[in-house]
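Beneath this line is the structure, given in structure tokens, with notes to follow.
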Amino acid sequence: MKNFASSSFRLRDASFEIRLVYSLFLAFILGGLATTWVFQFQRIGFSYERIVAYYLGGEIQGQMFFPKNLNALLEETHFHTFMMSVVFLILSHLFLATSVARTTKLFFILVTFFSHAADMGSTWLIRTLSSSFAYLLMASWIGLWIGYLGMILIPACEMWLPADSNPK
């Protein structure tokens, strides 16, 4: 972690062992996020109707879902807030150690952060205010996929692919 104390630290310059550990971490995180994304598609679904049925009660592919009660939402929010904040922090640190432009770094970090906030908030909004917030939930999932894939793939590429010998 002392590598991150220097603002000039870049993943490309890290030792083989450090790049290996970071890469293995990225592989685990990608696996964890992939199972989350499969869960979203299989269990909930990526459509207004399926999200509404999942949170407000209804039928999805012959399976009945009861409305999510506030305790279930609180438990989900509690788990996601603690767990995903740690994942977000670590991935953000790795991402900041890449050589991509500052605006690119800010884009991916802010898209991911605000998508998390919308993801957690929209489930409450669907359940308590309006089913229309299902669209916000779908948008937040897209933001999370874009944000996390960028924060995983860009560092992985920078650690293992040769540096561009012809800067533009």
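Labeling convention for the structure tokens: chains A, B, ... as they appear, residues from 1 per chain, ligands from 1 in order of appearance.
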I'd like the contact shell of region 146-151 of chain A - 9 Å cut-off, only C-alpha atoms, skipping same-chain residues fewer than 5 positions apart - returned as a PyMOL selection string. chain A and resi 30+33+88+91-92+94-95+105+107-113+115+141+156
Keeping C-alpha atoms, export the residues of the selection given above as a PDB file, in the first residue's frame.
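And here is the file that came out, selection-v2.pdb:
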```
ATOM      1  CA  LEU A  30     -14.554  -9.475 -11.865  1.00  0.00           C
ATOM      2  CA  LEU A  33     -19.322  -8.730 -10.143  1.00  0.00           C
ATOM      3  CA  PHE A  88     -15.100   0.740  -4.777  1.00  0.00           C
ATOM      4  CA  LEU A  91     -10.653  -0.402  -7.357  1.00  0.00           C
ATOM      5  CA  SER A  92     -10.548   3.394  -7.333  1.00  0.00           C
ATOM      6  CA  LEU A  94      -5.851   0.884  -8.498  1.00  0.00           C
ATOM      7  CA  PHE A  95      -7.536   2.921 -11.212  1.00  0.00           C
ATOM      8  CA  LYS A 105     -10.317   8.768 -14.109  1.00  0.00           C
ATOM      9  CA  PHE A 107     -15.502   9.886 -15.348  1.00  0.00           C
ATOM     10  CA  PHE A 108     -15.194   6.229 -14.320  1.00  0.00           C
ATOM     11  CA  ILE A 109     -14.954   6.929 -10.584  1.00  0.00           C
ATOM     12  CA  LEU A 110     -17.897   9.351 -10.509  1.00  0.00           C
ATOM     13  CA  VAL A 111     -20.089   7.237 -12.800  1.00  0.00           C
ATOM     14  CA  THR A 112     -19.463   4.234 -10.553  1.00  0.00           C
ATOM     15  CA  PHE A 113     -20.100   6.166  -7.327  1.00  0.00           C
ATOM     16  CA  SER A 115     -24.519   4.595 -10.061  1.00  0.00           C
ATOM     17  CA  TRP A 141     -26.929  -0.976 -13.484  1.00  0.00           C
ATOM     18  CA  ALA A 156      -5.291  -4.893 -16.053  1.00  0.00           C
TER      19      ALA A 156
END
```
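Scanning chain A with DSSP on the backbone, the strand (DSSP E) assignments fall on A:Gly58, A:Glu59, A:Ile60, A:Gln63, A:Met64, A:Phe65.
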Pick out each residue of region 10-166 of chain A that DSSP on the backbone tags as helix (DSSP H, G or I); I need them as a PyMOL selection string. chain A and resi 11-13+16-44+48-56+70-96+102-128+131-160
Neighbouring residues of Arg19 (chain A) were defined as those with any atom within 10 Å, considering only C-alpha atoms; residues of the same chain fewer than 3 positions away were excluded. Please report them as number ranges by chain. A: 11-16, 22-25, 155-156, 158-160
How would the residues just picked look written out with N, CA and C atoms as a PDB file, in the first residue's frame?
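Contents of the output file result_12.pdb:
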```pdb
ATOM      1  N   LEU A  11       0.868   1.727 -12.095  1.00  0.00           N
ATOM      2  CA  LEU A  11       0.805   0.263 -12.090  1.00  0.00           C
ATOM      3  C   LEU A  11       1.824  -0.345 -13.052  1.00  0.00           C
ATOM      4  N   ARG A  12       2.015   0.303 -14.179  1.00  0.00           N
ATOM      5  CA  ARG A  12       2.933  -0.213 -15.196  1.00  0.00           C
ATOM      6  C   ARG A  12       4.354  -0.364 -14.630  1.00  0.00           C
ATOM      7  N   ASP A  13       4.701   0.475 -13.661  1.00  0.00           N
ATOM      8  CA  ASP A  13       6.055   0.458 -13.107  1.00  0.00           C
ATOM      9  C   ASP A  13       6.202  -0.470 -11.908  1.00  0.00           C
ATOM     10  N   ALA A  14       5.127  -1.095 -11.469  1.00  0.00           N
ATOM     11  CA  ALA A  14       5.179  -1.966 -10.293  1.00  0.00           C
ATOM     12  C   ALA A  14       5.947  -3.247 -10.616  1.00  0.00           C
ATOM     13  N   SER A  15       6.448  -3.867  -9.565  1.00  0.00           N
ATOM     14  CA  SER A  15       7.171  -5.126  -9.750  1.00  0.00           C
ATOM     15  C   SER A  15       6.212  -6.205 -10.246  1.00  0.00           C
ATOM     16  N   PHE A  16       6.792  -7.266 -10.776  1.00  0.00           N
ATOM     17  CA  PHE A  16       5.983  -8.381 -11.270  1.00  0.00           C
ATOM     18  C   PHE A  16       5.064  -8.915 -10.175  1.00  0.00           C
ATOM     19  N   TYR A  22      -2.242  -7.725  -7.740  1.00  0.00           N
ATOM     20  CA  TYR A  22      -3.327  -6.837  -8.166  1.00  0.00           C
ATOM     21  C   TYR A  22      -4.181  -7.487  -9.249  1.00  0.00           C
ATOM     22  N   SER A  23      -3.549  -8.199 -10.151  1.00  0.00           N
ATOM     23  CA  SER A  23      -4.288  -8.865 -11.226  1.00  0.00           C
ATOM     24  C   SER A  23      -5.172  -9.978 -10.689  1.00  0.00           C
ATOM     25  N   LEU A  24      -4.663 -10.731  -9.736  1.00  0.00           N
ATOM     26  CA  LEU A  24      -5.479 -11.782  -9.128  1.00  0.00           C
ATOM     27  C   LEU A  24      -6.665 -11.186  -8.374  1.00  0.00           C
ATOM     28  N   PHE A  25      -6.422 -10.062  -7.698  1.00  0.00           N
ATOM     29  CA  PHE A  25      -7.530  -9.354  -7.043  1.00  0.00           C
ATOM     30  C   PHE A  25      -8.573  -8.930  -8.069  1.00  0.00           C
ATOM     31  N   PRO A 155      -6.793  -0.912 -15.642  1.00  0.00           N
ATOM     32  CA  PRO A 155      -5.595  -1.271 -14.866  1.00  0.00           C
ATOM     33  C   PRO A 155      -4.975  -2.604 -15.313  1.00  0.00           C
ATOM     34  N   ALA A 156      -5.823  -3.593 -15.621  1.00  0.00           N
ATOM     35  CA  ALA A 156      -5.291  -4.893 -16.053  1.00  0.00           C
ATOM     36  C   ALA A 156      -4.467  -4.737 -17.337  1.00  0.00           C
ATOM     37  N   GLU A 158      -3.061  -1.993 -18.442  1.00  0.00           N
ATOM     38  CA  GLU A 158      -1.868  -1.187 -18.200  1.00  0.00           C
ATOM     39  C   GLU A 158      -0.770  -1.997 -17.517  1.00  0.00           C
ATOM     40  N   MET A 159      -1.160  -2.942 -16.676  1.00  0.00           N
ATOM     41  CA  MET A 159      -0.141  -3.734 -15.982  1.00  0.00           C
ATOM     42  C   MET A 159       0.561  -4.727 -16.904  1.00  0.00           C
ATOM     43  N   TRP A 160      -0.121  -5.219 -17.925  1.00  0.00           N
ATOM     44  CA  TRP A 160       0.431  -6.325 -18.689  1.00  0.00           C
ATOM     45  C   TRP A 160       0.691  -6.044 -20.164  1.00  0.00           C
TER      46      TRP A 160
END
```
Would you kindly return, as a ChimeraX atom specification, each protein, DNA or RNA residue with an atom no farther than 10 Å from any atom of Leu74 (chain A), considering only C-alpha atoms and excluding same-chain residues fewer than 5 positions away? /A:69,79-80,120,124
Preceding selection exported with N, CA and C atoms as a PDB file, in the first residue's frame:
```pdb
ATOM      1  N   ASN A  69     -40.290  -6.223   1.822  1.00  0.00           N
ATOM      2  CA  ASN A  69     -40.623  -5.390   2.969  1.00  0.00           C
ATOM      3  C   ASN A  69     -39.434  -4.506   3.329  1.00  0.00           C
ATOM      4  N   PHE A  79     -25.827  -4.404   3.658  1.00  0.00           N
ATOM      5  CA  PHE A  79     -24.780  -5.266   3.101  1.00  0.00           C
ATOM      6  C   PHE A  79     -24.063  -4.579   1.946  1.00  0.00           C
ATOM      7  N   HIS A  80     -24.836  -4.043   1.005  1.00  0.00           N
ATOM      8  CA  HIS A  80     -24.231  -3.423  -0.173  1.00  0.00           C
ATOM      9  C   HIS A  80     -23.413  -2.180   0.186  1.00  0.00           C
ATOM     10  N   MET A 120     -28.746   1.778  -4.937  1.00  0.00           N
ATOM     11  CA  MET A 120     -29.271   1.561  -3.585  1.00  0.00           C
ATOM     12  C   MET A 120     -30.532   2.387  -3.330  1.00  0.00           C
ATOM     13  N   TRP A 124     -35.417   1.570  -2.843  1.00  0.00           N
ATOM     14  CA  TRP A 124     -36.283   2.189  -1.841  1.00  0.00           C
ATOM     15  C   TRP A 124     -37.364   3.042  -2.508  1.00  0.00           C
TER      16      TRP A 124
END
```
Taking 5 positions as the minimum chain separation for residues in the same chain, which residues sit within 12 Å of region 53-59 of chain A when counting only C-alpha atoms? Answer as an MDAnalysis selection string. chainID A and resid 40:48 64:70 72:73 122:134 137
Next, dump the selected residues to file, keeping only N, CA and C atoms, as a tab-separated table (two decimals), in the first residue's frame.
```tsv
chain	number	residue	atom	x	y	z
A	40	GLN	N	-28.70	-10.40	-11.45
A	40	GLN	CA	-29.61	-9.34	-11.88
A	40	GLN	C	-30.44	-9.79	-13.09
A	41	PHE	N	-29.80	-10.41	-14.05
A	41	PHE	CA	-30.51	-10.83	-15.25
A	41	PHE	C	-31.41	-12.03	-15.00
A	42	GLN	N	-30.92	-13.03	-14.26
A	42	GLN	CA	-31.68	-14.26	-14.05
A	42	GLN	C	-32.81	-14.09	-13.04
A	43	ARG	N	-32.50	-13.52	-11.91
A	43	ARG	CA	-33.48	-13.45	-10.83
A	43	ARG	C	-34.43	-12.27	-10.99
A	44	ILE	N	-33.89	-11.11	-11.29
A	44	ILE	CA	-34.72	-9.92	-11.39
A	44	ILE	C	-35.09	-9.67	-12.84
A	45	GLY	N	-34.12	-9.50	-13.70
A	45	GLY	CA	-34.36	-9.20	-15.10
A	45	GLY	C	-34.11	-7.74	-15.40
A	46	PHE	N	-33.84	-7.47	-16.66
A	46	PHE	CA	-33.53	-6.11	-17.07
A	46	PHE	C	-34.70	-5.54	-17.86
A	47	SER	N	-35.82	-5.40	-17.17
A	47	SER	CA	-36.99	-4.77	-17.79
A	47	SER	C	-37.81	-4.11	-16.68
A	48	TYR	N	-38.54	-3.11	-17.07
A	48	TYR	CA	-39.39	-2.39	-16.13
A	48	TYR	C	-40.33	-3.37	-15.42
A	64	MET	N	-43.73	-16.67	-8.16
A	64	MET	CA	-44.36	-15.56	-7.44
A	64	MET	C	-43.35	-14.86	-6.55
A	65	PHE	N	-43.40	-13.54	-6.56
A	65	PHE	CA	-42.58	-12.73	-5.68
A	65	PHE	C	-43.50	-11.87	-4.83
A	66	PHE	N	-43.19	-11.82	-3.55
A	66	PHE	CA	-43.95	-10.97	-2.64
A	66	PHE	C	-43.26	-9.61	-2.58
A	67	PRO	N	-44.01	-8.57	-2.26
A	67	PRO	CA	-43.37	-7.25	-2.15
A	67	PRO	C	-42.22	-7.28	-1.14
A	68	LYS	N	-41.13	-6.64	-1.48
A	68	LYS	CA	-39.99	-6.56	-0.55
A	68	LYS	C	-40.41	-5.67	0.62
A	69	ASN	N	-40.29	-6.22	1.82
A	69	ASN	CA	-40.62	-5.39	2.97
A	69	ASN	C	-39.43	-4.51	3.33
A	70	LEU	N	-39.68	-3.54	4.19
A	70	LEU	CA	-38.64	-2.56	4.51
A	70	LEU	C	-37.44	-3.20	5.19
A	72	ALA	N	-36.22	-6.18	4.50
A	72	ALA	CA	-35.42	-6.79	3.42
A	72	ALA	C	-34.62	-5.72	2.69
A	73	LEU	N	-35.24	-4.57	2.43
A	73	LEU	CA	-34.51	-3.48	1.79
A	73	LEU	C	-33.39	-2.95	2.68
A	122	SER	N	-32.72	3.65	-5.58
A	122	SER	CA	-33.88	3.38	-6.44
A	122	SER	C	-34.72	2.22	-5.93
A	123	THR	N	-34.11	1.23	-5.27
A	123	THR	CA	-34.92	0.13	-4.74
A	123	THR	C	-35.89	0.65	-3.67
A	124	TRP	N	-35.42	1.57	-2.84
A	124	TRP	CA	-36.28	2.19	-1.84
A	124	TRP	C	-37.36	3.04	-2.51
A	125	LEU	N	-36.96	3.77	-3.54
A	125	LEU	CA	-37.91	4.64	-4.23
A	125	LEU	C	-38.98	3.84	-4.97
A	126	ILE	N	-38.59	2.71	-5.55
A	126	ILE	CA	-39.57	1.84	-6.21
A	126	ILE	C	-40.58	1.35	-5.19
A	127	ARG	N	-40.08	0.90	-4.06
A	127	ARG	CA	-40.95	0.29	-3.05
A	127	ARG	C	-41.82	1.32	-2.33
A	128	THR	N	-41.32	2.53	-2.12
A	128	THR	CA	-42.06	3.49	-1.29
A	128	THR	C	-42.74	4.62	-2.05
A	129	LEU	N	-42.25	4.96	-3.26
A	129	LEU	CA	-42.82	6.11	-3.96
A	129	LEU	C	-43.49	5.76	-5.28
A	130	SER	N	-42.71	5.18	-6.21
A	130	SER	CA	-43.27	4.96	-7.54
A	130	SER	C	-42.50	3.88	-8.28
A	131	SER	N	-43.23	3.06	-9.01
A	131	SER	CA	-42.59	2.02	-9.82
A	131	SER	C	-41.76	2.63	-10.95
A	132	SER	N	-41.97	3.88	-11.26
A	132	SER	CA	-41.20	4.53	-12.33
A	132	SER	C	-39.70	4.57	-12.03
A	133	PHE	N	-39.34	4.45	-10.77
A	133	PHE	CA	-37.92	4.45	-10.41
A	133	PHE	C	-37.21	3.18	-10.87
A	134	ALA	N	-37.96	2.23	-11.43
A	134	ALA	CA	-37.33	1.04	-12.03
A	134	ALA	C	-36.41	1.46	-13.17
A	137	LEU	N	-33.17	2.42	-11.71
A	137	LEU	CA	-32.42	1.22	-11.33
A	137	LEU	C	-31.71	0.63	-12.54
```
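You will find CA of Phe28 (chain A) at 10.9 Å from CA of Val87 (chain A).
Nearest residue to Leu96 (chain A) among A:Ile154, A:Val52, A:Ala118, A:Ile142 is A:Ile154, counting only C-alpha atoms.
Take CA of Trp37 (chain A) and CA of Trp145 (chain A): the distance between them is 8.3 Å.
One finds CA of Asp119 (chain A) at 22.1 Å from CA of Leu26 (chain A).
The nearest approach to Ala139 (chain A) among the residues A:Met83, A:Ile18, A:Ala117, A:Cys157, with only C-alpha atoms taken into account, belongs to A:Ala117.
For the choices A:Gly121, A:His93, A:Thr98, A:Met84, the atom-to-atom distance to Ile29 (chain A) is smallest for A:Met84 when using only C-alpha atoms.
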Which residue of A:Arg102, A:His116, A:Ile90, A:Gly62 approaches Thr77 (chain A) most closely, using only C-alpha atoms: A:His116
